[in-house]
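To start, the structure under review is shown below, and the notes come after it.
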Amino acid sequence: MAKLTCLQAVNEVLKRIGEPTIAALTSLTTIQLQAFDNLNRALEEIAQDGDLRPLEAIGTVTLLTGTSTYTPPNDYRALAIESFKQSDSNRNVNIITADEFDIMFPKGVPSDRTGYPSVMAEIAGVFTFDRKPTANENSKTVDYRYFKIPTLYATATATGTSYIPEGYDRTLLCDYATWLTMRYMGHPEAMDYYYSIFGDPSNKKPEGSLAKFKSQFRQPFLKARVGYTF
């Protein structure tokens with residue numbers, strides 16, 4: 001058994017709603033397109049429900065002389081707290097809030113505050129360090145972990161797979177897309193899939209597949225250290 005491809009996932013949803021399966025992802029009918037779109041909607045909504053390890057990635061900031069602000073990667077969604085490390089100097093970079101950074105540097109980072117950074121804040125979607133590198137630090141790196149925006153299914157790539165691990169792609173992802181599609185159709189069995197995903201407290205089964213997935217694959221939350229270096 002392997003992870004479902006995009007085409008297999010679409011067909012799994014179509015079978016559950018009583019529709020014929022398809023051989024390709026071209027010229028989709030209205031309900032077929034609903035099944036495809038709802039798989040992507042499910043991928044997005046599951047990703048937004050926590051920092052999931054299958055979406056964890058490694059990022060690198062390459063220090064530039066005189067530059068204290070850096071733009072995250074295009075697929076950046078959220079930072080893995082406490083993960084910033086200066087690989088070349090074997091030191092950690094403490095993470096603080098944007099408000100704390102503004103209190104420390106109300107006029108911005110002064111030009112004479114140079115060297116390896118020791119503090120970082122994410123301000124308006126930009127990584128902002130407390131020091132400006134000199135020629136000695138130029139091209140050195142600061143590594144970190146982050147959580148990605150998920151890559152969605154594409155009709156042009158029928159064999160593409162998702163970030164959802166094997167097994168959960170069938171019991172969570174396809175259930176989620178089936179529920180969304182059945183709700184669109186006004187299908188009487190829509191709530192059965194809702195309970196499968198989110199649980200059914202009235203039946204003394206409050207844990208659904210989404211809760212099981214998050215308990216197994218969610219990144220533990222750690223509160224960031226707060227430190228000041230002047």
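Labels for the structure tokens follow display order: chains A, B, ..., residues from 1 in each chain, ligands from 1.
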Check: Hey, what's within 9 Å of range 172-181 of chain A if we count only C-alpha atoms and toss same-chain stuff fewer than 5 positions away? As a ChimeraX atom specification, please?
Finding: /A:9-10,12-14,16-17,31,34-43,46,164,167,186-187,189-194,196-197,208-210,213
Could those selected residues go to a file with N, CA and C atoms, as an mmCIF file, in the first residue's frame?
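Output saved as selection11.cif:
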```
data_model
loop_
_atom_site.group_PDB
_atom_site.id
_atom_site.type_symbol
_atom_site.label_atom_id
_atom_site.label_comp_id
_atom_site.auth_asym_id
_atom_site.auth_seq_id
_atom_site.Cartn_x
_atom_site.Cartn_y
_atom_site.Cartn_z
ATOM 1 N N ALA A 9 -7.144 9.702 -5.106
ATOM 2 C CA ALA A 9 -7.909 10.391 -4.062
ATOM 3 C C ALA A 9 -9.230 10.909 -4.613
ATOM 4 N N VAL A 10 -9.201 11.486 -5.812
ATOM 5 C CA VAL A 10 -10.436 11.968 -6.435
ATOM 6 C C VAL A 10 -11.405 10.806 -6.638
ATOM 7 N N GLU A 12 -11.529 8.029 -4.994
ATOM 8 C CA GLU A 12 -12.005 7.563 -3.691
ATOM 9 C C GLU A 12 -13.209 8.385 -3.245
ATOM 10 N N VAL A 13 -13.124 9.695 -3.438
ATOM 11 C CA VAL A 13 -14.246 10.569 -3.071
ATOM 12 C C VAL A 13 -15.446 10.295 -3.969
ATOM 13 N N LEU A 14 -15.209 10.149 -5.268
ATOM 14 C CA LEU A 14 -16.313 9.910 -6.210
ATOM 15 C C LEU A 14 -17.044 8.609 -5.885
ATOM 16 N N ARG A 16 -17.425 7.235 -3.011
ATOM 17 C CA ARG A 16 -18.183 7.388 -1.783
ATOM 18 C C ARG A 16 -19.476 8.168 -1.990
ATOM 19 N N ILE A 17 -19.505 9.021 -3.005
ATOM 20 C CA ILE A 17 -20.724 9.793 -3.254
ATOM 21 C C ILE A 17 -21.561 9.173 -4.366
ATOM 22 N N ILE A 31 -19.471 17.885 -10.523
ATOM 23 C CA ILE A 31 -19.301 17.159 -9.273
ATOM 24 C C ILE A 31 -17.887 16.604 -9.151
ATOM 25 N N GLN A 34 -15.835 19.430 -8.015
ATOM 26 C CA GLN A 34 -16.081 19.648 -6.594
ATOM 27 C C GLN A 34 -15.231 18.704 -5.750
ATOM 28 N N ALA A 35 -15.164 17.445 -6.143
ATOM 29 C CA ALA A 35 -14.361 16.468 -5.408
ATOM 30 C C ALA A 35 -12.893 16.873 -5.420
ATOM 31 N N PHE A 36 -12.386 17.278 -6.561
ATOM 32 C CA PHE A 36 -10.986 17.707 -6.675
ATOM 33 C C PHE A 36 -10.718 18.956 -5.830
ATOM 34 N N ASP A 37 -11.555 19.962 -5.989
ATOM 35 C CA ASP A 37 -11.363 21.216 -5.244
ATOM 36 C C ASP A 37 -11.474 20.990 -3.738
ATOM 37 N N ASN A 38 -12.382 20.106 -3.321
ATOM 38 C CA ASN A 38 -12.565 19.872 -1.894
ATOM 39 C C ASN A 38 -11.402 19.097 -1.283
ATOM 40 N N LEU A 39 -10.696 18.291 -2.071
ATOM 41 C CA LEU A 39 -9.469 17.667 -1.577
ATOM 42 C C LEU A 39 -8.438 18.747 -1.244
ATOM 43 N N ASN A 40 -8.306 19.734 -2.128
ATOM 44 C CA ASN A 40 -7.364 20.818 -1.866
ATOM 45 C C ASN A 40 -7.815 21.686 -0.694
ATOM 46 N N ARG A 41 -9.117 21.905 -0.596
ATOM 47 C CA ARG A 41 -9.620 22.667 0.552
ATOM 48 C C ARG A 41 -9.323 21.923 1.849
ATOM 49 N N ALA A 42 -9.491 20.610 1.838
ATOM 50 C CA ALA A 42 -9.196 19.812 3.023
ATOM 51 C C ALA A 42 -7.709 19.887 3.369
ATOM 52 N N LEU A 43 -6.836 19.818 2.363
ATOM 53 C CA LEU A 43 -5.401 19.925 2.601
ATOM 54 C C LEU A 43 -5.061 21.253 3.274
ATOM 55 N N ILE A 46 -6.638 21.378 7.033
ATOM 56 C CA ILE A 46 -5.902 20.515 7.963
ATOM 57 C C ILE A 46 -4.560 21.152 8.308
ATOM 58 N N ILE A 164 -0.136 14.591 3.483
ATOM 59 C CA ILE A 164 -0.816 13.726 4.439
ATOM 60 C C ILE A 164 -0.203 12.326 4.388
ATOM 61 N N GLY A 167 -2.301 6.229 4.810
ATOM 62 C CA GLY A 167 -3.323 5.782 5.758
ATOM 63 C C GLY A 167 -4.248 6.915 6.114
ATOM 64 N N GLY A 186 -26.093 18.219 -0.652
ATOM 65 C CA GLY A 186 -27.250 17.996 0.208
ATOM 66 C C GLY A 186 -27.467 16.525 0.469
ATOM 67 N N HIS A 187 -26.398 15.747 0.468
ATOM 68 C CA HIS A 187 -26.468 14.302 0.619
ATOM 69 C C HIS A 187 -26.825 13.950 2.070
ATOM 70 N N GLU A 189 -26.049 11.476 3.911
ATOM 71 C CA GLU A 189 -25.012 10.804 4.691
ATOM 72 C C GLU A 189 -23.839 11.720 5.025
ATOM 73 N N ALA A 190 -23.978 13.017 4.753
ATOM 74 C CA ALA A 190 -22.870 13.944 4.985
ATOM 75 C C ALA A 190 -22.411 13.927 6.442
ATOM 76 N N MET A 191 -23.340 13.865 7.387
ATOM 77 C CA MET A 191 -22.979 13.923 8.798
ATOM 78 C C MET A 191 -22.208 12.682 9.249
ATOM 79 N N ASP A 192 -22.375 11.560 8.574
ATOM 80 C CA ASP A 192 -21.607 10.366 8.920
ATOM 81 C C ASP A 192 -20.110 10.635 8.738
ATOM 82 N N TYR A 193 -19.782 11.314 7.662
ATOM 83 C CA TYR A 193 -18.377 11.642 7.412
ATOM 84 C C TYR A 193 -17.907 12.750 8.346
ATOM 85 N N TYR A 194 -18.786 13.676 8.683
ATOM 86 C CA TYR A 194 -18.435 14.716 9.651
ATOM 87 C C TYR A 194 -18.016 14.082 10.975
ATOM 88 N N SER A 196 -16.944 11.077 11.446
ATOM 89 C CA SER A 196 -15.714 10.323 11.255
ATOM 90 C C SER A 196 -14.498 11.228 11.380
ATOM 91 N N ILE A 197 -14.631 12.470 10.929
ATOM 92 C CA ILE A 197 -13.515 13.417 10.971
ATOM 93 C C ILE A 197 -13.391 14.081 12.333
ATOM 94 N N GLY A 208 -12.312 12.022 16.536
ATOM 95 C CA GLY A 208 -12.366 11.649 15.143
ATOM 96 C C GLY A 208 -10.968 11.497 14.572
ATOM 97 N N SER A 209 -10.896 11.252 13.266
ATOM 98 C CA SER A 209 -9.598 11.020 12.624
ATOM 99 C C SER A 209 -8.711 12.256 12.649
ATOM 100 N N LEU A 210 -9.301 13.467 12.655
ATOM 101 C CA LEU A 210 -8.496 14.684 12.697
ATOM 102 C C LEU A 210 -7.756 14.794 14.024
ATOM 103 N N PHE A 213 -4.939 12.301 14.057
ATOM 104 C CA PHE A 213 -3.850 12.758 13.191
ATOM 105 C C PHE A 213 -3.011 13.828 13.893
#
```
Checklist line | Atom-to-atom span, CA of Glu44 in chain A and CA of Ile123 in chain A, Å | finding: 24.2 Å
Next item on the list: Determine, counting only C-alpha atoms, which protein, DNA and RNA residues have an atom within 8 Å of an atom of range 60-62 of chain A; residues of the same chain fewer than 4 positions away are not included. Present the result as a ChimeraX atom specification.
Entry: /A:70,138-144
Would you mind exporting N, CA and C atoms of the selected residues as a compact mmCIF listing (two decimals), in the first residue's frame?
```txt
# COMPACT_ATOMS: atom_id res chain seq x y z
N TYR A 70 15.52 40.09 6.58
CA TYR A 70 15.57 39.06 5.54
C TYR A 70 14.17 38.51 5.31
N ASN A 138 29.71 38.17 6.53
CA ASN A 138 29.08 38.09 5.22
C ASN A 138 29.15 36.66 4.68
N SER A 139 28.02 36.16 4.16
CA SER A 139 27.87 34.81 3.57
C SER A 139 27.82 33.70 4.62
N LYS A 140 27.92 34.05 5.91
CA LYS A 140 27.69 33.04 6.94
C LYS A 140 26.19 32.77 7.02
N THR A 141 25.80 31.68 7.67
CA THR A 141 24.40 31.27 7.64
C THR A 141 23.78 31.17 9.02
N VAL A 142 22.48 31.41 9.05
CA VAL A 142 21.65 31.15 10.22
C VAL A 142 20.57 30.16 9.76
N ASP A 143 20.52 29.02 10.39
CA ASP A 143 19.57 27.97 10.00
C ASP A 143 18.39 27.95 10.96
N TYR A 144 17.24 27.51 10.45
CA TYR A 144 16.03 27.45 11.27
C TYR A 144 15.07 26.45 10.66
```
Next item on the list: Pull the strand (DSSP E or B) assignments for range 105-193 of chain A out of DSSP run on the backbone, and list those residues as a count of residues only.
Entry: 19
Next item on the list: Name the residues of range 24-154 of chain A that come out as helix (DSSP H, G or I) in a backbone DSSP run; write them as a ChimeraX atom specification.
Entry: /A:30-47,53-55,98-104
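Put simply, CA of Ser27 in chain A is 27.6 Å away from CA of Ile149 in chain A.
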Checklist line | Contacts of Arg113 in chain A at 9 Å (only C-alpha atoms; same-chain gap of 5+ positions) as a PyMOL selection string | finding: chain A and resi 130-133
Could you dump the residues just selected with C-alpha atoms as a CSV table (one decimal), in the first residue's frame?
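Result written to part_20.csv:
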```
chain,number,residue,atom,x,y,z
A,130,ASP,CA,19.4,42.8,16.2
A,131,ARG,CA,22.8,43.2,14.6
A,132,LYS,CA,24.1,44.2,11.1
A,133,PRO,CA,26.7,41.8,9.8
```
